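Colleague: The following file, coords-v6.txt, comprises compact mmCIF, N, CA and C atoms:
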# COMPACT_ATOMS: atom_id res chain seq x y z
N MET D 1 0.82 -1.19 0.00
CA MET D 1 0.00 0.00 0.00
C MET D 1 0.87 1.26 0.00
N ALA D 2 1.98 1.22 0.72
CA ALA D 2 2.87 2.38 0.76
C ALA D 2 3.42 2.68 -0.63
N PHE D 3 3.68 1.61 -1.40
CA PHE D 3 4.19 1.80 -2.75
C PHE D 3 3.13 2.47 -3.63
N ASP D 4 1.87 2.09 -3.47
CA ASP D 4 0.78 2.72 -4.23
C ASP D 4 0.66 4.20 -3.88
N MET D 5 0.84 4.55 -2.63
CA MET D 5 0.78 5.95 -2.21
C MET D 5 1.94 6.73 -2.82
N GLN D 6 3.12 6.11 -2.87
CA GLN D 6 4.27 6.78 -3.49
C GLN D 6 4.02 7.00 -4.97
N GLN D 7 3.45 6.01 -5.63
CA GLN D 7 3.15 6.16 -7.05
C GLN D 7 2.12 7.26 -7.27
N ALA D 8 1.10 7.30 -6.44
CA ALA D 8 0.06 8.32 -6.57
C ALA D 8 0.64 9.71 -6.36
N GLU D 9 1.50 9.86 -5.37
CA GLU D 9 2.11 11.16 -5.11
C GLU D 9 3.04 11.55 -6.26
N PHE D 10 3.81 10.60 -6.76
CA PHE D 10 4.69 10.87 -7.89
C PHE D 10 3.88 11.31 -9.11
N PHE D 11 2.79 10.61 -9.38
CA PHE D 11 1.94 10.94 -10.53
C PHE D 11 1.32 12.32 -10.36
N ARG D 12 0.87 12.64 -9.14
CA ARG D 12 0.26 13.95 -8.87
C ARG D 12 1.25 15.08 -9.14
N TYR D 13 2.48 14.94 -8.64
CA TYR D 13 3.47 15.99 -8.85
C TYR D 13 3.94 16.05 -10.30
N ALA D 14 3.90 14.92 -11.00
CA ALA D 14 4.21 14.94 -12.43
C ALA D 14 3.15 15.72 -13.20
N LEU D 15 1.88 15.55 -12.82
CA LEU D 15 0.80 16.33 -13.45
C LEU D 15 0.96 17.82 -13.17
N ILE D 16 1.28 18.16 -11.93
CA ILE D 16 1.49 19.56 -11.57
C ILE D 16 2.64 20.15 -12.37
N GLN D 17 3.73 19.42 -12.50
CA GLN D 17 4.88 19.90 -13.27
C GLN D 17 4.51 20.07 -14.74
N ASN D 18 3.70 19.18 -15.28
CA ASN D 18 3.26 19.30 -16.67
C ASN D 18 2.45 20.58 -16.87
N VAL D 19 1.55 20.88 -15.94
CA VAL D 19 0.75 22.10 -16.03
C VAL D 19 1.65 23.33 -15.93
N ILE D 20 2.61 23.30 -15.02
CA ILE D 20 3.54 24.43 -14.87
C ILE D 20 4.35 24.62 -16.15
N ASP D 21 4.81 23.52 -16.74
CA ASP D 21 5.55 23.61 -18.00
C ASP D 21 4.70 24.23 -19.11
N ILE D 22 3.43 23.87 -19.15
CA ILE D 22 2.54 24.43 -20.19
C ILE D 22 2.40 25.94 -20.02
N ILE D 23 2.12 26.40 -18.80
CA ILE D 23 1.89 27.83 -18.64
C ILE D 23 3.17 28.65 -18.70
N GLN D 24 4.33 28.00 -18.55
CA GLN D 24 5.59 28.72 -18.66
C GLN D 24 6.21 28.56 -20.05
N ASN D 25 5.43 28.07 -21.01
CA ASN D 25 5.86 27.92 -22.40
C ASN D 25 7.04 26.96 -22.56
N ASN D 26 7.13 25.95 -21.73
CA ASN D 26 8.21 24.97 -21.84
C ASN D 26 7.84 23.77 -22.70
N VAL D 27 6.65 23.78 -23.26
CA VAL D 27 6.21 22.71 -24.16
C VAL D 27 5.73 23.37 -25.45
N PRO D 28 5.77 22.65 -26.56
CA PRO D 28 5.29 23.24 -27.80
C PRO D 28 3.79 23.52 -27.73
N VAL D 29 3.35 24.51 -28.48
CA VAL D 29 1.94 24.87 -28.50
C VAL D 29 1.19 23.83 -29.33
N TYR D 30 0.11 23.34 -28.77
CA TYR D 30 -0.72 22.36 -29.45
C TYR D 30 -2.02 23.00 -29.90
N ILE D 31 -2.65 22.36 -30.84
CA ILE D 31 -3.97 22.81 -31.27
C ILE D 31 -4.97 22.36 -30.21
N VAL D 32 -5.77 23.30 -29.74
CA VAL D 32 -6.75 23.04 -28.70
C VAL D 32 -8.10 22.81 -29.37
N PRO D 33 -8.88 21.81 -28.92
CA PRO D 33 -10.21 21.61 -29.50
C PRO D 33 -11.07 22.86 -29.35
N ASP D 34 -12.03 23.02 -30.25
CA ASP D 34 -12.89 24.19 -30.21
C ASP D 34 -13.77 24.22 -28.97
N SER D 35 -14.23 23.06 -28.53
CA SER D 35 -15.04 23.03 -27.30
C SER D 35 -14.68 21.79 -26.50
N PHE D 36 -14.62 21.97 -25.18
CA PHE D 36 -14.30 20.87 -24.26
C PHE D 36 -14.74 21.25 -22.87
N ASN D 37 -14.91 20.24 -22.03
CA ASN D 37 -15.27 20.44 -20.63
C ASN D 37 -14.02 20.36 -19.76
N VAL D 38 -14.03 21.14 -18.69
CA VAL D 38 -12.95 21.11 -17.70
C VAL D 38 -13.63 20.81 -16.38
N GLY D 39 -13.58 19.56 -15.95
CA GLY D 39 -14.28 19.19 -14.72
C GLY D 39 -15.79 19.25 -14.94
N LYS D 40 -16.52 19.54 -13.87
CA LYS D 40 -17.98 19.55 -13.94
C LYS D 40 -18.57 20.93 -14.19
N ARG D 41 -17.93 21.98 -13.69
CA ARG D 41 -18.53 23.31 -13.75
C ARG D 41 -18.03 24.17 -14.90
N LEU D 42 -16.88 23.84 -15.47
CA LEU D 42 -16.29 24.68 -16.50
C LEU D 42 -16.38 24.02 -17.86
N SER D 43 -16.60 24.84 -18.85
CA SER D 43 -16.53 24.37 -20.23
C SER D 43 -16.03 25.51 -21.11
N VAL D 44 -15.42 25.15 -22.20
CA VAL D 44 -14.87 26.11 -23.14
C VAL D 44 -15.52 25.87 -24.49
N ASN D 45 -15.92 26.97 -25.12
CA ASN D 45 -16.47 26.90 -26.47
C ASN D 45 -15.84 28.04 -27.26
N GLY D 46 -14.84 27.72 -28.05
CA GLY D 46 -14.12 28.75 -28.79
C GLY D 46 -13.33 29.63 -27.83
N ASN D 47 -13.63 30.94 -27.84
CA ASN D 47 -12.96 31.87 -26.93
C ASN D 47 -13.80 32.19 -25.72
N THR D 48 -14.86 31.42 -25.50
CA THR D 48 -15.77 31.67 -24.38
C THR D 48 -15.59 30.60 -23.32
N LEU D 49 -15.45 31.07 -22.07
CA LEU D 49 -15.35 30.17 -20.93
C LEU D 49 -16.67 30.23 -20.17
N HIS D 50 -17.26 29.08 -19.94
CA HIS D 50 -18.51 28.98 -19.18
C HIS D 50 -18.18 28.43 -17.80
N ILE D 51 -18.52 29.20 -16.76
CA ILE D 51 -18.34 28.75 -15.38
C ILE D 51 -19.73 28.71 -14.78
N GLY D 52 -20.26 27.51 -14.63
CA GLY D 52 -21.65 27.38 -14.19
C GLY D 52 -22.55 28.00 -15.25
N ARG D 53 -23.32 29.00 -14.86
CA ARG D 53 -24.22 29.69 -15.80
C ARG D 53 -23.63 30.97 -16.36
N LYS D 54 -22.46 31.36 -15.88
CA LYS D 54 -21.84 32.60 -16.33
C LYS D 54 -20.90 32.33 -17.50
N CYS D 55 -20.82 33.31 -18.39
CA CYS D 55 -19.95 33.21 -19.56
C CYS D 55 -18.95 34.35 -19.55
N PHE D 56 -17.71 34.04 -19.92
CA PHE D 56 -16.65 35.03 -19.99
C PHE D 56 -15.89 34.82 -21.29
N GLU D 57 -15.63 35.93 -21.98
CA GLU D 57 -14.77 35.87 -23.15
C GLU D 57 -13.32 35.83 -22.66
N ALA D 58 -12.43 35.33 -23.48
CA ALA D 58 -11.03 35.18 -23.08
C ALA D 58 -10.41 36.53 -22.69
N TYR D 59 -10.79 37.60 -23.38
CA TYR D 59 -10.21 38.90 -23.06
C TYR D 59 -10.69 39.44 -21.71
N GLU D 60 -11.75 38.88 -21.14
CA GLU D 60 -12.25 39.32 -19.84
C GLU D 60 -11.49 38.67 -18.68
N ILE D 61 -10.71 37.65 -18.98
CA ILE D 61 -9.97 36.93 -17.94
C ILE D 61 -8.62 37.62 -17.77
N GLY D 62 -8.32 37.99 -16.55
CA GLY D 62 -7.10 38.74 -16.29
C GLY D 62 -5.91 37.89 -15.94
N LYS D 63 -6.11 36.86 -15.11
CA LYS D 63 -4.95 36.10 -14.61
C LYS D 63 -5.37 34.69 -14.24
N PHE D 64 -4.46 33.78 -14.43
CA PHE D 64 -4.61 32.38 -14.05
C PHE D 64 -3.42 32.03 -13.16
N THR D 65 -3.69 31.50 -11.97
CA THR D 65 -2.59 31.13 -11.08
C THR D 65 -2.62 29.63 -10.78
N VAL D 66 -1.44 29.07 -10.64
CA VAL D 66 -1.27 27.67 -10.26
C VAL D 66 -0.28 27.66 -9.11
N ASN D 67 -0.63 26.98 -8.01
CA ASN D 67 0.39 26.87 -6.97
C ASN D 67 1.06 25.52 -7.08
N THR D 68 2.19 25.39 -6.45
CA THR D 68 3.03 24.20 -6.60
C THR D 68 2.44 22.95 -5.95
N GLU D 69 1.28 23.09 -5.31
CA GLU D 69 0.59 21.93 -4.74
C GLU D 69 -0.62 21.52 -5.58
N GLY D 70 -0.89 22.22 -6.69
CA GLY D 70 -1.95 21.80 -7.60
C GLY D 70 -3.22 22.60 -7.57
N SER D 71 -3.35 23.56 -6.67
CA SER D 71 -4.54 24.40 -6.64
C SER D 71 -4.41 25.49 -7.69
N MET D 72 -5.55 25.91 -8.22
CA MET D 72 -5.56 26.91 -9.28
C MET D 72 -6.65 27.93 -9.02
N ALA D 73 -6.51 29.09 -9.62
CA ALA D 73 -7.52 30.13 -9.52
C ALA D 73 -7.53 30.93 -10.81
N LEU D 74 -8.70 31.44 -11.13
CA LEU D 74 -8.90 32.23 -12.33
C LEU D 74 -9.51 33.56 -11.91
N TYR D 75 -8.93 34.67 -12.38
CA TYR D 75 -9.36 36.01 -11.97
C TYR D 75 -9.77 36.82 -13.19
N ASP D 76 -10.69 37.77 -12.98
CA ASP D 76 -11.05 38.67 -14.07
C ASP D 76 -10.02 39.80 -14.16
N ARG D 77 -10.24 40.75 -15.07
CA ARG D 77 -9.27 41.82 -15.27
C ARG D 77 -9.16 42.76 -14.08
N TYR D 78 -10.15 42.73 -13.18
CA TYR D 78 -10.15 43.62 -12.02
C TYR D 78 -9.68 42.92 -10.74
N GLY D 79 -9.25 41.67 -10.85
CA GLY D 79 -8.72 40.94 -9.70
C GLY D 79 -9.75 40.13 -8.93
N LYS D 80 -11.00 40.09 -9.39
CA LYS D 80 -12.04 39.31 -8.72
C LYS D 80 -11.90 37.84 -9.13
N LYS D 81 -11.94 36.95 -8.14
CA LYS D 81 -11.79 35.52 -8.42
C LYS D 81 -13.04 34.99 -9.11
N LEU D 82 -12.85 34.39 -10.27
CA LEU D 82 -13.95 33.79 -11.02
C LEU D 82 -14.16 32.33 -10.65
N CYS D 83 -13.07 31.64 -10.42
CA CYS D 83 -13.13 30.22 -10.11
C CYS D 83 -11.90 29.86 -9.29
N GLY D 84 -12.11 29.04 -8.26
CA GLY D 84 -11.02 28.71 -7.37
C GLY D 84 -10.75 27.23 -7.28
N THR D 85 -10.16 26.84 -6.19
CA THR D 85 -9.64 25.49 -5.96
C THR D 85 -10.69 24.39 -6.13
N PHE D 86 -11.92 24.61 -5.67
CA PHE D 86 -12.91 23.53 -5.73
C PHE D 86 -13.37 23.24 -7.16
N GLY D 87 -13.37 24.22 -8.02
CA GLY D 87 -13.80 24.01 -9.39
C GLY D 87 -12.66 23.81 -10.36
N LEU D 88 -11.47 24.20 -9.95
CA LEU D 88 -10.33 24.17 -10.85
C LEU D 88 -9.09 23.75 -10.08
N ASN D 89 -8.66 22.51 -10.30
CA ASN D 89 -7.44 22.02 -9.66
C ASN D 89 -6.83 20.93 -10.52
N ILE D 90 -5.74 20.39 -10.08
CA ILE D 90 -4.98 19.45 -10.90
C ILE D 90 -5.76 18.16 -11.19
N SER D 91 -6.77 17.85 -10.39
CA SER D 91 -7.46 16.57 -10.56
C SER D 91 -8.65 16.62 -11.53
N VAL D 92 -9.03 17.79 -12.03
CA VAL D 92 -10.16 17.85 -12.96
C VAL D 92 -9.74 17.38 -14.34
N LYS D 93 -10.68 16.84 -15.07
CA LYS D 93 -10.33 16.32 -16.40
C LYS D 93 -10.07 17.47 -17.36
N ASN D 94 -9.21 17.23 -18.32
CA ASN D 94 -8.82 18.17 -19.36
C ASN D 94 -8.12 19.42 -18.83
N ILE D 95 -7.49 19.34 -17.67
CA ILE D 95 -6.82 20.52 -17.13
C ILE D 95 -5.63 20.91 -18.00
N ASP D 96 -4.95 19.95 -18.60
CA ASP D 96 -3.84 20.28 -19.48
C ASP D 96 -4.32 21.00 -20.74
N VAL D 97 -5.45 20.57 -21.29
CA VAL D 97 -6.02 21.24 -22.46
C VAL D 97 -6.45 22.66 -22.09
N PHE D 98 -7.01 22.82 -20.88
CA PHE D 98 -7.41 24.15 -20.42
C PHE D 98 -6.20 25.07 -20.31
N CYS D 99 -5.10 24.57 -19.78
CA CYS D 99 -3.89 25.39 -19.65
C CYS D 99 -3.36 25.79 -21.03
N LYS D 100 -3.46 24.89 -21.99
CA LYS D 100 -3.06 25.24 -23.36
C LYS D 100 -3.99 26.30 -23.94
N TRP D 101 -5.28 26.22 -23.62
CA TRP D 101 -6.24 27.24 -24.04
C TRP D 101 -5.88 28.59 -23.43
N ILE D 102 -5.49 28.58 -22.15
CA ILE D 102 -5.06 29.80 -21.46
C ILE D 102 -3.89 30.43 -22.21
N LYS D 103 -2.88 29.63 -22.55
CA LYS D 103 -1.71 30.16 -23.24
C LYS D 103 -2.05 30.61 -24.66
N ASN D 104 -2.89 29.87 -25.36
CA ASN D 104 -3.27 30.25 -26.73
C ASN D 104 -4.04 31.57 -26.76
N ASN D 105 -4.74 31.90 -25.68
CA ASN D 105 -5.51 33.14 -25.62
C ASN D 105 -4.75 34.27 -24.91
N ASN D 106 -3.46 34.08 -24.71
CA ASN D 106 -2.58 35.10 -24.12
C ASN D 106 -3.08 35.64 -22.78
N ILE D 107 -3.60 34.74 -21.96
CA ILE D 107 -4.04 35.11 -20.61
C ILE D 107 -2.82 34.99 -19.69
N SER D 108 -2.62 35.99 -18.87
CA SER D 108 -1.50 36.00 -17.95
C SER D 108 -1.60 34.80 -17.01
N ALA D 109 -0.50 34.05 -16.90
CA ALA D 109 -0.47 32.88 -16.02
C ALA D 109 0.77 32.94 -15.16
N GLU D 110 0.61 32.56 -13.89
CA GLU D 110 1.77 32.57 -13.00
C GLU D 110 1.72 31.39 -12.05
N VAL D 111 2.91 31.01 -11.60
CA VAL D 111 3.08 29.94 -10.62
C VAL D 111 3.35 30.61 -9.27
N VAL D 112 2.59 30.21 -8.26
CA VAL D 112 2.78 30.76 -6.92
C VAL D 112 3.18 29.63 -5.97
N SER D 113 3.73 30.00 -4.84
CA SER D 113 4.19 29.03 -3.86
C SER D 113 3.01 28.29 -3.23
N GLY D 114 3.21 27.03 -2.93
CA GLY D 114 2.18 26.23 -2.29
C GLY D 114 2.49 25.92 -0.85
N LYS D 115 3.35 26.73 -0.22
CA LYS D 115 3.77 26.46 1.15
C LYS D 115 2.60 26.49 2.13
N ILE D 116 1.71 27.45 1.97
CA ILE D 116 0.58 27.56 2.90
C ILE D 116 -0.33 26.35 2.75
N GLU D 117 -0.56 25.93 1.52
CA GLU D 117 -1.40 24.74 1.32
C GLU D 117 -0.74 23.51 1.92
N ARG D 118 0.57 23.39 1.81
CA ARG D 118 1.29 22.25 2.39
C ARG D 118 1.15 22.26 3.91
N VAL D 119 1.22 23.44 4.53
CA VAL D 119 1.05 23.55 5.98
C VAL D 119 -0.34 23.06 6.38
N PHE D 120 -1.37 23.46 5.62
CA PHE D 120 -2.73 23.00 5.92
C PHE D 120 -2.85 21.49 5.76
N GLN D 121 -2.20 20.93 4.75
CA GLN D 121 -2.24 19.48 4.56
C GLN D 121 -1.66 18.77 5.78
N TYR D 122 -0.51 19.25 6.28
CA TYR D 122 0.10 18.63 7.45
C TYR D 122 -0.75 18.83 8.69
N MET D 123 -1.38 20.01 8.82
CA MET D 123 -2.24 20.26 9.98
C MET D 123 -3.41 19.28 10.00
N PHE D 124 -4.04 19.06 8.84
CA PHE D 124 -5.16 18.13 8.79
C PHE D 124 -4.70 16.69 9.03
N LEU D 125 -3.52 16.35 8.56
CA LEU D 125 -2.98 15.02 8.82
C LEU D 125 -2.77 14.82 10.31
N ILE D 126 -2.14 15.78 10.97
CA ILE D 126 -1.90 15.68 12.41
C ILE D 126 -3.21 15.65 13.17
N LEU D 127 -4.16 16.49 12.77
CA LEU D 127 -5.48 16.51 13.41
C LEU D 127 -6.19 15.17 13.25
N GLY D 128 -6.11 14.59 12.07
CA GLY D 128 -6.73 13.29 11.85
C GLY D 128 -6.13 12.20 12.71
N ILE D 129 -4.80 12.19 12.81
CA ILE D 129 -4.13 11.20 13.67
C ILE D 129 -4.50 11.41 15.12
N ALA D 130 -4.58 12.67 15.56
CA ALA D 130 -4.95 12.97 16.95
C ALA D 130 -6.38 12.48 17.24
N VAL D 131 -7.28 12.68 16.32
CA VAL D 131 -8.66 12.23 16.53
C VAL D 131 -8.71 10.71 16.64
N ILE D 132 -7.96 10.01 15.80
CA ILE D 132 -7.93 8.55 15.87
C ILE D 132 -7.38 8.08 17.21
N VAL D 133 -6.31 8.72 17.68
CA VAL D 133 -5.72 8.35 18.97
C VAL D 133 -6.70 8.60 20.10
N VAL D 134 -7.37 9.74 20.10
CA VAL D 134 -8.35 10.07 21.15
C VAL D 134 -9.48 9.06 21.13
N ILE D 135 -9.98 8.70 19.97
CA ILE D 135 -11.07 7.71 19.90
C ILE D 135 -10.61 6.36 20.46
N LYS D 136 -9.42 5.92 20.12
CA LYS D 136 -8.93 4.64 20.63
C LYS D 136 -8.75 4.68 22.15
N VAL D 137 -8.24 5.80 22.67
CA VAL D 137 -8.04 5.93 24.11
C VAL D 137 -9.40 5.92 24.83
N LEU D 138 -10.37 6.65 24.28
CA LEU D 138 -11.70 6.69 24.89
C LEU D 138 -12.40 5.33 24.86
N ARG D 139 -12.16 4.55 23.81
CA ARG D 139 -12.75 3.19 23.76
C ARG D 139 -12.15 2.28 24.83
N LYS D 140 -10.85 2.43 25.07
CA LYS D 140 -10.21 1.61 26.09
C LYS D 140 -10.66 2.00 27.50
N LEU D 141 -10.89 3.30 27.72
CA LEU D 141 -11.32 3.77 29.02
C LEU D 141 -12.81 3.48 29.27
N GLY D 142 -13.59 3.49 28.23
CA GLY D 142 -15.03 3.35 28.41
C GLY D 142 -15.51 2.01 28.15
Kindly present the structure from the file in structure tokens form.

Modeller:
Amino acid sequence: MAFDMQQAEFFRYALIQNVIDIIQNNVPVYIVPDSFNVGKRLSVNGNTLHIGRKCFEAYEIGKFTVNTEGSMALYDRYGKKLCGTFGLNISVKNIDVFCKWIKNNNISAEVVSGKIERVFQYMFLILGIAVIVVIKVLRKLG
């Protein structure tokens, strides 16, 4: 099981690195399909991005950020977040195609540090272990 977890983590970071390479122009530009879905809430049709029921043209999108832990966010030209981590992250389908669409439409993209997200991951891990220990101790006492 530990080997499977290592493989999963390796694969996850390989996907993150692939996305970072795409937005930093380290891979050749590919032809992007005219329309495709990105996860459940996002879809692209030509130069139009549909987020739920809202539609945005590519020129209305100001910035796309990816952190080194796989979370992503999309902002309009005024800095308002259009879509965040729950709708857009490394695990949604067609995320690589979406990143290529971002680059093809000359939308500003940047990589940000994922240190804060990593701290939260460790906090939840420690909290989960603490809860398990407390439950086991309470079962032995009760």

Colleague: Can you tell me which residues surround Ser91 (chain D) at a distance of at most 10 Å, considering only C-alpha atoms, apart from same-chain residues fewer than 3 positions away, and format the answer as a list in words?

Modeller: Arg12, Leu15, Ile16, Gly39, Gly70, Ser71, Gly87, Leu88, Asn94 and Ile95 of chain D

Colleague: Between D:Tyr78, D:Asn25, D:Val133, D:Asn18, which residue has the minimum interatomic distance to Asp96 (chain D), considering only N, CA and C atoms?

Modeller: D:Asn18

Colleague: Which parts of chain D does DSSP call helix (DSSP H, G or I) when run on the backbone here, written out as a PyMOL selection string?

Modeller: chain D and resi 2-23+58-60+95-104+115-141

Colleague: Would you mind telling me which residue in D:Gln121, D:Asn106, D:Ile90, D:Glu9 lies nearest to Tyr59 (chain D) when using all atoms listed in the file?

Modeller: D:Asn106

Colleague: Between CA of Asp4 (chain D) and CA of Val92 (chain D), measure the distance and give it in Å to one decimal.

Modeller: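 Computed distance, CA of Asp4 (chain D) to CA of Val92 (chain D), equals 20.6 Å.
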
Colleague: List the neighbours of Lys100 (chain D) out to 7 Å using only N, CA and C atoms; skip same-chain residues closer than 3 positions along the sequence, and give me the result as a ChimeraX atom specification.

Modeller: /D:22-23,30,32,95-97,103-105

Colleague: I'd like to know which of D:Asp34, D:Phe64, D:Val111, D:Gly84 is closest to Ile20 (chain D), using only N, CA and C atoms.

Modeller: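 Among the listed residues, the smallest separation from Ile20 (chain D) belongs to D:Val111.
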
Colleague: In Å to one decimal, how far is CA of Tyr75 (chain D) from atom N of Gly62 (chain D)?

Modeller: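 So the two atoms, atom N of Gly62 (chain D) and CA of Tyr75 (chain D), lie 5.1 Å apart.
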
Colleague: Could you tell me how far CA of Asn67 (chain D) lies from CA of Phe10 (chain D), in Å and to one decimal?

Modeller: 16.6 Å

Colleague: Which residue is closest to Lys63 (chain D)? Choose from D:Gln6, D:Gln17, D:Ser113, D:Ser108 and count only N, CA and C atoms.

Modeller: D:Ser108

Colleague: Could you pull out the residues in chain D that DSSP calls strand (DSSP E or B) from the backbone, as a PyMOL selection string?

Modeller: chain D and resi 35-38+42-45+48-51+54-57+61-67+71-76+81-83+89+108-112

Colleague: Which one is closest to Phe56 (chain D): D:Phe124, D:Val19, D:Lys115, D:Leu74? Count only C-alpha atoms.

Modeller: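 Looking only at the distances to Phe56 (chain D), the closest residue turns out to be D:Leu74.
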
Colleague: Ranking D:Leu49, D:Leu141, D:Ala14, D:Leu42 by minimum distance to Lys93 (chain D) and counting only C-alpha atoms, which one comes first?

Modeller: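 Nearest candidate to Lys93 (chain D) out of D:Leu49, D:Leu141, D:Ala14, D:Leu42: D:Leu42.
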
Colleague: Generate the missing atoms of region 50-64 of chain D up to N, CA, C and O atoms and report them as a compact mmCIF listing (two decimals), in the coordinates of the input.

Modeller:
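Below is the file that was written, result-v8.txt:
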# COMPACT_ATOMS: atom_id res chain seq x y z
N HIS D 50 -17.26 29.08 -19.94
CA HIS D 50 -18.51 28.98 -19.18
C HIS D 50 -18.18 28.43 -17.80
O HIS D 50 -17.63 27.34 -17.68
N ILE D 51 -18.52 29.20 -16.76
CA ILE D 51 -18.34 28.75 -15.38
C ILE D 51 -19.73 28.71 -14.78
O ILE D 51 -20.31 29.74 -14.48
N GLY D 52 -20.26 27.51 -14.63
CA GLY D 52 -21.65 27.38 -14.19
C GLY D 52 -22.55 28.00 -15.25
O GLY D 52 -22.51 27.63 -16.41
N ARG D 53 -23.32 29.00 -14.86
CA ARG D 53 -24.22 29.69 -15.80
C ARG D 53 -23.63 30.97 -16.36
O ARG D 53 -24.24 31.62 -17.19
N LYS D 54 -22.46 31.36 -15.88
CA LYS D 54 -21.84 32.60 -16.33
C LYS D 54 -20.90 32.33 -17.50
O LYS D 54 -20.28 31.28 -17.58
N CYS D 55 -20.82 33.31 -18.39
CA CYS D 55 -19.95 33.21 -19.56
C CYS D 55 -18.95 34.35 -19.55
O CYS D 55 -19.30 35.49 -19.25
N PHE D 56 -17.71 34.04 -19.92
CA PHE D 56 -16.65 35.03 -19.99
C PHE D 56 -15.89 34.82 -21.29
O PHE D 56 -15.53 33.70 -21.64
N GLU D 57 -15.63 35.93 -21.98
CA GLU D 57 -14.77 35.87 -23.15
C GLU D 57 -13.32 35.83 -22.66
O GLU D 57 -13.01 36.28 -21.55
N ALA D 58 -12.43 35.33 -23.48
CA ALA D 58 -11.03 35.18 -23.08
C ALA D 58 -10.41 36.53 -22.69
O ALA D 58 -9.62 36.60 -21.75
N TYR D 59 -10.79 37.60 -23.38
CA TYR D 59 -10.21 38.90 -23.06
C TYR D 59 -10.69 39.44 -21.71
O TYR D 59 -10.08 40.36 -21.16
N GLU D 60 -11.75 38.88 -21.14
CA GLU D 60 -12.25 39.32 -19.84
C GLU D 60 -11.49 38.67 -18.68
O GLU D 60 -11.63 39.08 -17.53
N ILE D 61 -10.71 37.65 -18.98
CA ILE D 61 -9.97 36.93 -17.94
C ILE D 61 -8.62 37.62 -17.77
O ILE D 61 -7.88 37.81 -18.73
N GLY D 62 -8.32 37.99 -16.55
CA GLY D 62 -7.10 38.74 -16.29
C GLY D 62 -5.91 37.89 -15.94
O GLY D 62 -4.79 38.14 -16.39
N LYS D 63 -6.11 36.86 -15.11
CA LYS D 63 -4.95 36.10 -14.61
C LYS D 63 -5.37 34.69 -14.24
O LYS D 63 -6.48 34.45 -13.77
N PHE D 64 -4.46 33.78 -14.43
CA PHE D 64 -4.61 32.38 -14.05
C PHE D 64 -3.42 32.03 -13.16
O PHE D 64 -2.28 32.28 -13.53
